[in-house]
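One file, target03.csv, carrying CSV, C-alpha atoms:
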chain,number,residue,atom,x,y,z
A,1,MET,CA,-31.2,42.3,55.5
A,2,ARG,CA,-33.0,42.8,52.2
A,3,THR,CA,-30.0,42.0,50.0
A,4,PRO,CA,-29.2,38.6,51.6
A,5,LEU,CA,-32.9,37.7,51.5
A,6,LYS,CA,-33.2,38.7,47.8
A,7,ARG,CA,-30.0,36.7,47.0
A,8,CYS,CA,-31.4,33.7,48.8
A,9,LEU,CA,-34.7,33.9,46.9
A,10,LEU,CA,-32.9,34.4,43.6
A,11,LEU,CA,-30.8,31.3,44.3
A,12,LEU,CA,-33.9,29.2,45.1
A,13,VAL,CA,-35.6,30.4,41.9
A,14,ILE,CA,-32.5,29.5,39.8
A,15,ILE,CA,-32.3,26.0,41.5
A,16,TYR,CA,-36.0,25.5,40.8
A,17,LEU,CA,-35.7,26.4,37.2
A,18,LEU,CA,-32.6,24.3,36.7
A,19,ASN,CA,-34.3,21.2,38.2
A,20,PHE,CA,-36.4,20.8,35.0
A,21,PRO,CA,-33.7,20.6,32.4
A,22,ILE,CA,-31.6,18.4,34.7
A,23,SER,CA,-34.5,16.1,35.3
A,24,TYR,CA,-35.2,15.9,31.6
A,25,PHE,CA,-31.5,15.0,30.9
A,26,ILE,CA,-31.6,12.2,33.5
A,27,SER,CA,-34.9,10.9,32.2
A,28,ASN,CA,-33.5,10.6,28.7
A,29,SER,CA,-30.3,8.9,30.0
A,30,PHE,CA,-32.0,6.8,32.6
A,31,HIS,CA,-30.8,3.3,33.5
A,32,THR,CA,-31.4,1.2,36.6
A,33,ARG,CA,-29.3,-1.6,38.1
A,34,ALA,CA,-32.4,-3.8,38.4
A,35,LYS,CA,-33.8,-6.3,35.9
A,36,LEU,CA,-36.2,-3.6,34.6
A,37,ASP,CA,-33.2,-2.0,32.8
A,38,TRP,CA,-32.8,-5.3,30.8
A,39,LEU,CA,-36.5,-5.3,29.9
A,40,TYR,CA,-36.5,-1.7,28.7
A,41,TYR,CA,-34.1,-2.5,25.9
A,42,ILE,CA,-35.8,-5.5,24.4
A,43,ASN,CA,-37.5,-4.2,21.3
A,44,GLU,CA,-39.2,-5.5,18.2
A,45,GLN,CA,-39.3,-9.1,19.4
A,46,SER,CA,-42.0,-11.7,19.2
A,47,TYR,CA,-42.6,-14.4,21.8
A,48,ASP,CA,-45.0,-17.3,22.0
A,49,TYR,CA,-45.4,-16.5,25.7
A,50,ALA,CA,-44.3,-14.4,28.6
A,51,VAL,CA,-44.2,-15.2,32.4
A,52,LEU,CA,-45.2,-12.4,34.7
A,53,GLY,CA,-45.3,-12.0,38.5
A,54,SER,CA,-43.1,-11.3,41.5
A,55,SER,CA,-39.9,-13.1,42.4
A,56,ARG,CA,-42.1,-16.2,42.7
A,57,ALA,CA,-42.2,-16.1,38.9
A,58,TYR,CA,-38.8,-14.4,38.3
A,59,ASN,CA,-36.9,-17.0,40.3
A,60,MET,CA,-39.1,-20.1,40.0
A,61,VAL,CA,-40.2,-20.4,36.3
A,62,ASP,CA,-37.2,-21.5,34.2
A,63,ILE,CA,-37.8,-20.3,30.6
A,64,ASN,CA,-35.2,-22.5,29.0
A,65,THR,CA,-36.9,-25.6,30.5
A,66,LEU,CA,-40.4,-24.4,29.7
A,67,ASP,CA,-39.3,-23.6,26.1
A,68,LYS,CA,-38.0,-27.2,25.8
A,69,TYR,CA,-41.2,-28.9,26.9
A,70,LEU,CA,-43.6,-26.5,25.3
A,71,ASP,CA,-41.5,-26.2,22.1
A,72,LYS,CA,-42.1,-22.5,22.2
A,73,ASN,CA,-40.1,-19.3,22.6
A,74,GLY,CA,-40.7,-17.4,25.9
A,75,ILE,CA,-39.4,-14.8,28.2
A,76,ASN,CA,-39.6,-14.1,32.0
A,77,LEU,CA,-40.9,-10.6,32.8
A,78,GLY,CA,-41.1,-11.2,36.6
A,79,SER,CA,-39.6,-8.7,39.0
A,80,ILE,CA,-38.5,-9.1,42.6
A,81,GLY,CA,-41.3,-8.0,45.0
A,82,GLY,CA,-43.4,-6.6,42.2
A,83,GLY,CA,-47.2,-6.4,42.9
A,84,TYR,CA,-49.8,-6.3,40.2
A,85,SER,CA,-49.5,-2.5,39.7
A,86,GLU,CA,-45.8,-3.0,38.9
A,87,ASN,CA,-46.6,-6.1,36.8
A,88,TYR,CA,-49.1,-4.0,34.8
A,89,VAL,CA,-46.5,-1.3,34.0
A,90,VAL,CA,-44.0,-4.0,33.0
A,91,ILE,CA,-46.3,-5.8,30.6
A,92,SER,CA,-47.8,-2.6,29.3
A,93,LYS,CA,-44.4,-1.1,28.6
A,94,PHE,CA,-43.1,-4.3,27.1
A,95,LEU,CA,-46.1,-4.6,24.7
A,96,GLU,CA,-45.4,-1.1,23.3
A,97,THR,CA,-42.5,-2.5,21.3
A,98,ASN,CA,-42.9,-6.3,21.5
A,99,ASP,CA,-45.5,-9.0,20.8
A,100,ILE,CA,-46.6,-12.1,22.8
A,101,ASN,CA,-49.3,-14.7,22.2
A,102,THR,CA,-49.8,-15.9,25.7
A,103,LEU,CA,-49.3,-14.4,29.2
A,104,ILE,CA,-48.7,-16.8,32.1
A,105,LEU,CA,-49.4,-14.8,35.2
A,106,ASN,CA,-48.6,-16.0,38.7
A,107,ILE,CA,-51.4,-15.6,41.3
A,108,ASP,CA,-51.5,-16.4,45.0
A,109,GLY,CA,-52.2,-14.7,48.3
A,110,TYR,CA,-48.9,-13.0,48.3
A,111,SER,CA,-49.5,-11.2,45.0
A,112,LEU,CA,-53.2,-10.6,45.8
A,113,ASN,CA,-52.2,-8.7,48.9
A,114,SER,CA,-48.7,-7.4,48.0
A,115,PRO,CA,-48.2,-4.9,50.9
A,116,LEU,CA,-48.5,-7.9,53.3
A,117,GLY,CA,-47.2,-10.7,51.1
A,118,LEU,CA,-44.4,-9.0,49.2
A,119,GLY,CA,-43.2,-6.2,51.4
A,120,ASN,CA,-44.1,-2.6,52.3
A,121,GLN,CA,-43.3,-1.3,48.8
A,122,PRO,CA,-44.6,-3.7,46.1
A,123,PHE,CA,-44.2,-1.0,43.4
A,124,HIS,CA,-40.5,-0.2,42.9
A,125,PHE,CA,-40.5,3.5,41.9
A,126,PHE,CA,-36.8,3.6,41.1
A,127,GLY,CA,-37.3,1.4,38.1
A,128,PHE,CA,-40.0,3.5,36.5
A,129,LEU,CA,-39.0,7.1,37.3
A,130,PRO,CA,-39.1,8.4,33.7
A,131,LEU,CA,-42.6,7.1,33.3
A,132,PHE,CA,-43.8,9.4,36.1
A,133,GLU,CA,-44.3,12.1,33.4
A,134,SER,CA,-46.5,9.8,31.3
A,135,SER,CA,-50.3,10.3,31.6
A,136,LYS,CA,-50.6,6.6,30.7
A,137,TYR,CA,-49.2,5.6,34.1
A,138,GLU,CA,-50.5,8.5,36.1
A,139,ASP,CA,-53.0,6.4,38.1
A,140,VAL,CA,-50.4,3.8,39.0
A,141,PHE,CA,-48.1,6.4,40.6
A,142,ALA,CA,-51.1,8.1,42.3
A,143,ASP,CA,-52.3,4.8,43.7
A,144,ASN,CA,-48.9,3.9,45.1
A,145,LEU,CA,-47.3,7.2,46.3
A,146,PRO,CA,-48.3,9.2,49.3
A,147,LYS,CA,-50.3,12.2,48.1
A,148,TRP,CA,-47.7,14.7,49.3
A,149,LYS,CA,-44.9,13.0,47.5
A,150,TYR,CA,-46.9,12.6,44.3
A,151,TYR,CA,-47.5,16.3,44.1
A,152,LEU,CA,-43.9,17.1,45.2
A,153,TRP,CA,-42.6,15.0,42.3
A,154,LYS,CA,-45.0,16.9,40.0
A,155,VAL,CA,-43.7,20.3,41.1
A,156,VAL,CA,-40.0,19.4,41.6
A,157,PRO,CA,-39.3,16.4,39.3
A,158,ILE,CA,-35.6,16.3,40.2
A,159,ILE,CA,-36.6,15.2,43.7
A,160,LYS,CA,-37.4,11.6,42.6
A,161,TYR,CA,-34.0,11.1,41.0
A,162,ILE,CA,-32.3,12.5,44.1
A,163,GLU,CA,-34.3,10.1,46.4
A,164,TYR,CA,-33.3,7.1,44.4
A,165,ASN,CA,-29.8,8.2,43.3
A,166,ASP,CA,-28.2,4.9,44.5
A,167,ARG,CA,-30.5,2.8,42.4
A,168,ILE,CA,-30.1,4.5,39.0
A,169,ALA,CA,-27.3,5.0,36.5
A,170,LEU,CA,-26.7,7.0,33.4
A,171,VAL,CA,-25.1,4.2,31.4
A,172,LYS,CA,-26.5,0.9,30.3
A,173,GLN,CA,-26.0,-2.0,32.7
A,174,SER,CA,-24.8,-5.5,31.7
A,175,HIS,CA,-27.2,-8.4,32.4
A,176,LYS,CA,-25.5,-11.5,30.9
A,177,LEU,CA,-27.3,-14.0,33.1
A,178,LEU,CA,-30.7,-12.6,32.2
A,179,ASP,CA,-29.7,-12.9,28.5
A,180,GLU,CA,-28.6,-16.6,29.0
A,181,ASN,CA,-31.7,-17.5,31.1
A,182,LYS,CA,-34.2,-15.4,29.2
A,183,GLY,CA,-35.1,-13.4,32.3
A,184,THR,CA,-35.0,-16.1,34.9
A,185,ILE,CA,-32.5,-16.0,37.8
A,186,TYR,CA,-32.0,-19.0,40.1
A,187,LEU,CA,-31.8,-18.7,43.9
A,188,GLU,CA,-29.0,-20.3,45.9
A,189,GLU,CA,-29.2,-22.0,49.3
A,190,THR,CA,-29.2,-20.0,52.4
A,191,ALA,CA,-28.4,-21.0,56.0
A,192,GLN,CA,-31.9,-20.0,57.2
A,193,PHE,CA,-35.1,-21.5,55.9
A,194,LYS,CA,-37.7,-18.8,56.2
A,195,TYR,CA,-41.5,-19.1,56.5
A,196,LEU,CA,-44.0,-16.4,55.5
A,197,LEU,CA,-47.7,-16.5,56.3
A,198,GLU,CA,-49.8,-16.2,53.1
A,199,PRO,CA,-52.5,-13.5,53.2
A,200,SER,CA,-56.0,-14.8,52.6
A,201,ILE,CA,-57.6,-11.4,52.0
A,202,ALA,CA,-57.1,-9.5,48.7
A,203,ASN,CA,-55.8,-5.9,48.6
A,204,GLU,CA,-58.0,-3.4,46.7
A,205,ILE,CA,-55.1,-2.0,44.6
A,206,ASP,CA,-53.8,-5.4,43.7
A,207,LEU,CA,-57.3,-6.5,42.6
A,208,LYS,CA,-57.6,-3.3,40.6
A,209,TYR,CA,-54.4,-3.9,38.6
A,210,LEU,CA,-55.0,-7.6,38.2
A,211,ASN,CA,-58.2,-6.6,36.4
A,212,VAL,CA,-56.3,-4.0,34.4
A,213,ILE,CA,-53.9,-6.8,33.3
A,214,ILE,CA,-56.8,-9.1,32.4
A,215,ASN,CA,-58.4,-6.3,30.3
A,216,LEU,CA,-55.0,-5.4,28.7
A,217,CYS,CA,-54.7,-9.1,27.5
A,218,LYS,CA,-58.2,-9.0,26.1
A,219,GLU,CA,-57.6,-5.7,24.2
A,220,ASN,CA,-54.4,-7.2,22.7
A,221,SER,CA,-55.9,-10.7,21.9
A,222,ILE,CA,-53.4,-12.3,24.3
A,223,GLU,CA,-54.4,-15.6,25.9
A,224,LEU,CA,-54.1,-15.4,29.7
A,225,VAL,CA,-53.2,-18.4,31.8
A,226,LEU,CA,-53.1,-18.2,35.7
A,227,ILE,CA,-50.6,-20.3,37.6
A,228,THR,CA,-49.5,-20.6,41.3
A,229,THR,CA,-45.9,-21.4,41.7
A,230,PRO,CA,-45.0,-24.0,44.4
A,231,ILE,CA,-45.2,-23.3,48.1
A,232,TYR,CA,-43.3,-25.6,50.4
A,233,SER,CA,-45.4,-27.7,52.9
A,234,PRO,CA,-44.0,-30.5,55.1
A,235,ASP,CA,-47.4,-32.1,55.0
A,236,SER,CA,-49.1,-33.1,51.7
A,237,VAL,CA,-52.5,-32.6,53.4
A,238,ASN,CA,-51.8,-28.9,53.9
A,239,ASN,CA,-50.8,-28.1,50.4
A,240,GLY,CA,-52.4,-25.3,48.5
A,241,THR,CA,-52.8,-21.5,48.8
A,242,SER,CA,-54.9,-19.7,51.4
A,243,ALA,CA,-56.4,-17.5,48.7
A,244,LEU,CA,-57.5,-20.5,46.6
A,245,GLU,CA,-61.2,-19.5,46.7
A,246,ILE,CA,-60.5,-16.0,45.6
A,247,ILE,CA,-58.3,-17.4,42.7
A,248,LYS,CA,-61.0,-19.8,41.6
A,249,SER,CA,-63.6,-17.1,41.6
A,250,ILE,CA,-61.4,-14.8,39.5
A,251,SER,CA,-60.7,-17.7,37.1
A,252,LYS,CA,-64.4,-18.5,36.8
A,253,LEU,CA,-65.5,-14.9,36.4
A,254,HIS,CA,-63.1,-14.2,33.6
A,255,GLN,CA,-63.1,-17.7,32.1
A,256,ILE,CA,-59.3,-18.0,32.5
A,257,ASP,CA,-57.5,-21.4,32.8
A,258,TYR,CA,-55.8,-21.8,36.2
A,259,HIS,CA,-53.1,-24.3,37.2
A,260,GLY,CA,-52.0,-24.9,40.7
A,261,TYR,CA,-48.8,-26.7,41.6
A,262,ASP,CA,-50.4,-30.0,42.6
A,263,ASN,CA,-48.8,-32.9,40.8
A,264,LEU,CA,-46.2,-30.6,39.3
A,265,ILE,CA,-43.6,-30.8,42.0
A,266,ASP,CA,-43.1,-32.6,45.3
A,267,TYR,CA,-43.8,-29.6,47.5
A,268,THR,CA,-42.9,-31.6,50.6
A,269,ASN,CA,-39.3,-32.1,49.4
A,270,LYS,CA,-37.4,-29.4,51.2
A,271,SER,CA,-34.3,-29.9,49.0
A,272,TYR,CA,-36.2,-28.2,46.2
A,273,PHE,CA,-36.7,-25.0,48.1
A,274,GLN,CA,-34.7,-22.1,49.3
A,275,ASN,CA,-37.5,-21.0,51.6
A,276,GLN,CA,-41.2,-21.6,51.9
A,277,THR,CA,-42.1,-19.5,48.9
A,278,HIS,CA,-39.1,-19.9,46.6
A,279,THR,CA,-37.4,-22.8,44.9
A,280,LEU,CA,-33.7,-23.5,44.3
A,281,LYS,CA,-32.5,-24.1,40.7
A,282,SER,CA,-33.4,-27.8,41.0
A,283,GLY,CA,-36.9,-27.0,42.1
A,284,ALA,CA,-37.4,-24.4,39.4
A,285,ILE,CA,-36.3,-26.8,36.7
A,286,GLU,CA,-38.5,-29.7,38.0
A,287,TYR,CA,-41.5,-27.4,38.3
A,288,SER,CA,-41.0,-25.8,34.9
A,289,LYS,CA,-40.6,-29.2,33.2
A,290,ASN,CA,-43.9,-30.5,34.6
A,291,LEU,CA,-45.6,-27.2,34.0
A,292,GLY,CA,-44.5,-27.3,30.4
A,293,ILE,CA,-45.9,-30.9,30.0
A,294,LYS,CA,-49.1,-29.8,31.6
A,295,LEU,CA,-49.6,-26.7,29.5
A,296,SER,CA,-48.7,-28.6,26.3
A,297,GLU,CA,-51.6,-30.9,26.9

Once you've parsed the file, please lay out its structure as structure tokens.
Amino acid sequence: MRTPLKRCLLLLVIIYLLNFPISYFISNSFHTRAKLDWLYYINEQSYDYAVLGSSRAYNMVDINTLDKYLDKNGINLGSIGGGYSENYVVISKFLETNDINTLILNIDGYSLNSPLGLGNQPFHFFGFLPLFESSKYEDVFADNLPKWKYYLWKVVPIIKYIEYNDRIALVKQSHKLLDENKGTIYLEETAQFKYLLEPSIANEIDLKYLNVIINLCKENSIELVLITTPIYSPDSVNNGTSALEIIKSISKLHQIDYHGYDNLIDYTNKSYFQNQTHTLKSGAIEYSKNLGIKLSE
């Protein structure tokens, strides 16, 4: 009995020791099939502005149109379902090798309470796995991971790559549409028009990282502008965001300009929208045109 037990223990020790060099290799060859892979390889660039937020920024702010009406050079850093903790990592990592003058950040009840408004996992771990070892982002992972998983990843780093093996790759991915549209991807029509109730109460973690983003902009002398991208309403009387009072208080406290979508798009026109919270290409272009005119003033 002793010999098989010793062999089993020896095998476990070997596997444990091998997990470190394998994890190191994957970390240095890491790619993801998401937009984040495209962002990782933009280096030594300067932009007049960047747009940041969840898919309500990613799919709804058309950079080519905004460039035209602002006469500026911008980029869309938005990510699908990304809460403010994810937004912070994106902009922080981007600023390590790039420069921007202005950050246009989307804010609404969905992003202020991302677990309810954007889904159960508003921080997409698979896109940031190599950053887990960085002390700079230690708090972000600790705030978003269950404690047991956080410490498991610390002790056995290969586990995180095994868990998300279907979302990562070891070769660079092609992102031609992102190149052409400067980070914006349009949505297409679907058969079902979905409605999603907007949270009216902010989430503690989202508020924390919203403040971290605000401070990051101050530290880097980046002008911050808050916007709310359009939300469909069949009644012009019911337009606006449920979290408007929270947004106004944040804008006032930090003295940040805020622009809602009033007068920037006909939010009662269903043909502009894929669903209640996302526009089609026509809606994205119409909104971005009027937003550019508004901001240029």

From A:Asp235, A:Glu180, A:Asp108, A:Glu286, residue lying nearest Pro199 in chain A [all atoms listed in the file]: A:Asp108

Counting all atoms listed in the file, the option among A:Ser85, A:Ser55, A:Lys281, A:Leu196 closest to Leu112 in chain A: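 Closest residue, counting all atoms listed in the file: A:Ser85.
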
Point-to-point distance from CA of Val61 in chain A to CA of Ala169 in chain A, Å rounded to tenths: 28.5 Å

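Using all atoms listed in the file, the smallest distance between any of A:Ser296, A:Tyr186, A:Ile222, A:Leu105 and Tyr272 in chain A comes from A:Tyr186.
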
Near-Glu223 in chain A list (9 Å; all atoms listed in the file; drop same-chain fewer than 6 positions) as a list of chain:residue names: A:Asn101, A:Thr102, A:Leu103, A:Ile104, A:Cys217, A:Ile256

Interatomic distance, CA of Ala243 in chain A to CA of Gly109 in chain A (Å, one decimal):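 These two atoms are separated by 5.1 Å.
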
Close residues, His175 in chain A itself excluded, 10 Å, all atoms listed in the file, min 4 positions apart in chain, as an MDAnalysis selection string: chainID A and resid 33:35 37:38 179:180 183

Take the structure in the block and write a file for range 55-82 of chain A, C-alpha atoms, as a short mmCIF file (atom, residue, chain, number, x, y, z; two decimals), in the first residue's frame.
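The resulting file, out_24.cif, is reproduced below:
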data_model
loop_
_atom_site.label_atom_id
_atom_site.label_comp_id
_atom_site.auth_asym_id
_atom_site.auth_seq_id
_atom_site.Cartn_x
_atom_site.Cartn_y
_atom_site.Cartn_z
CA SER A 55 -21.81 47.19 -24.81
CA ARG A 56 -23.93 50.33 -24.51
CA ALA A 57 -20.74 52.17 -25.45
CA TYR A 58 -19.13 49.43 -27.55
CA ASN A 59 -22.11 48.96 -29.90
CA MET A 60 -23.75 52.40 -29.74
CA VAL A 61 -21.01 55.03 -30.10
CA ASP A 62 -19.74 55.06 -33.68
CA ILE A 63 -16.20 56.43 -33.61
CA ASN A 64 -15.96 57.15 -37.35
CA THR A 65 -19.07 59.34 -37.12
CA LEU A 66 -17.93 60.99 -33.90
CA ASP A 67 -14.52 61.70 -35.44
CA LYS A 68 -16.20 63.41 -38.38
CA TYR A 69 -18.34 65.77 -36.30
CA LEU A 70 -15.72 66.45 -33.63
CA ASP A 71 -12.86 66.69 -36.14
CA LYS A 72 -10.88 64.52 -33.73
CA ASN A 73 -9.21 61.10 -33.60
CA GLY A 74 -10.86 58.65 -31.20
CA ILE A 75 -11.12 55.01 -30.23
CA ASN A 76 -13.83 52.83 -28.65
CA LEU A 77 -12.60 50.91 -25.58
CA GLY A 78 -16.04 49.57 -24.61
CA SER A 79 -16.48 45.86 -23.85
CA ILE A 80 -19.57 43.66 -23.84
CA GLY A 81 -21.05 43.39 -20.35
CA GLY A 82 -18.11 45.15 -18.72
#
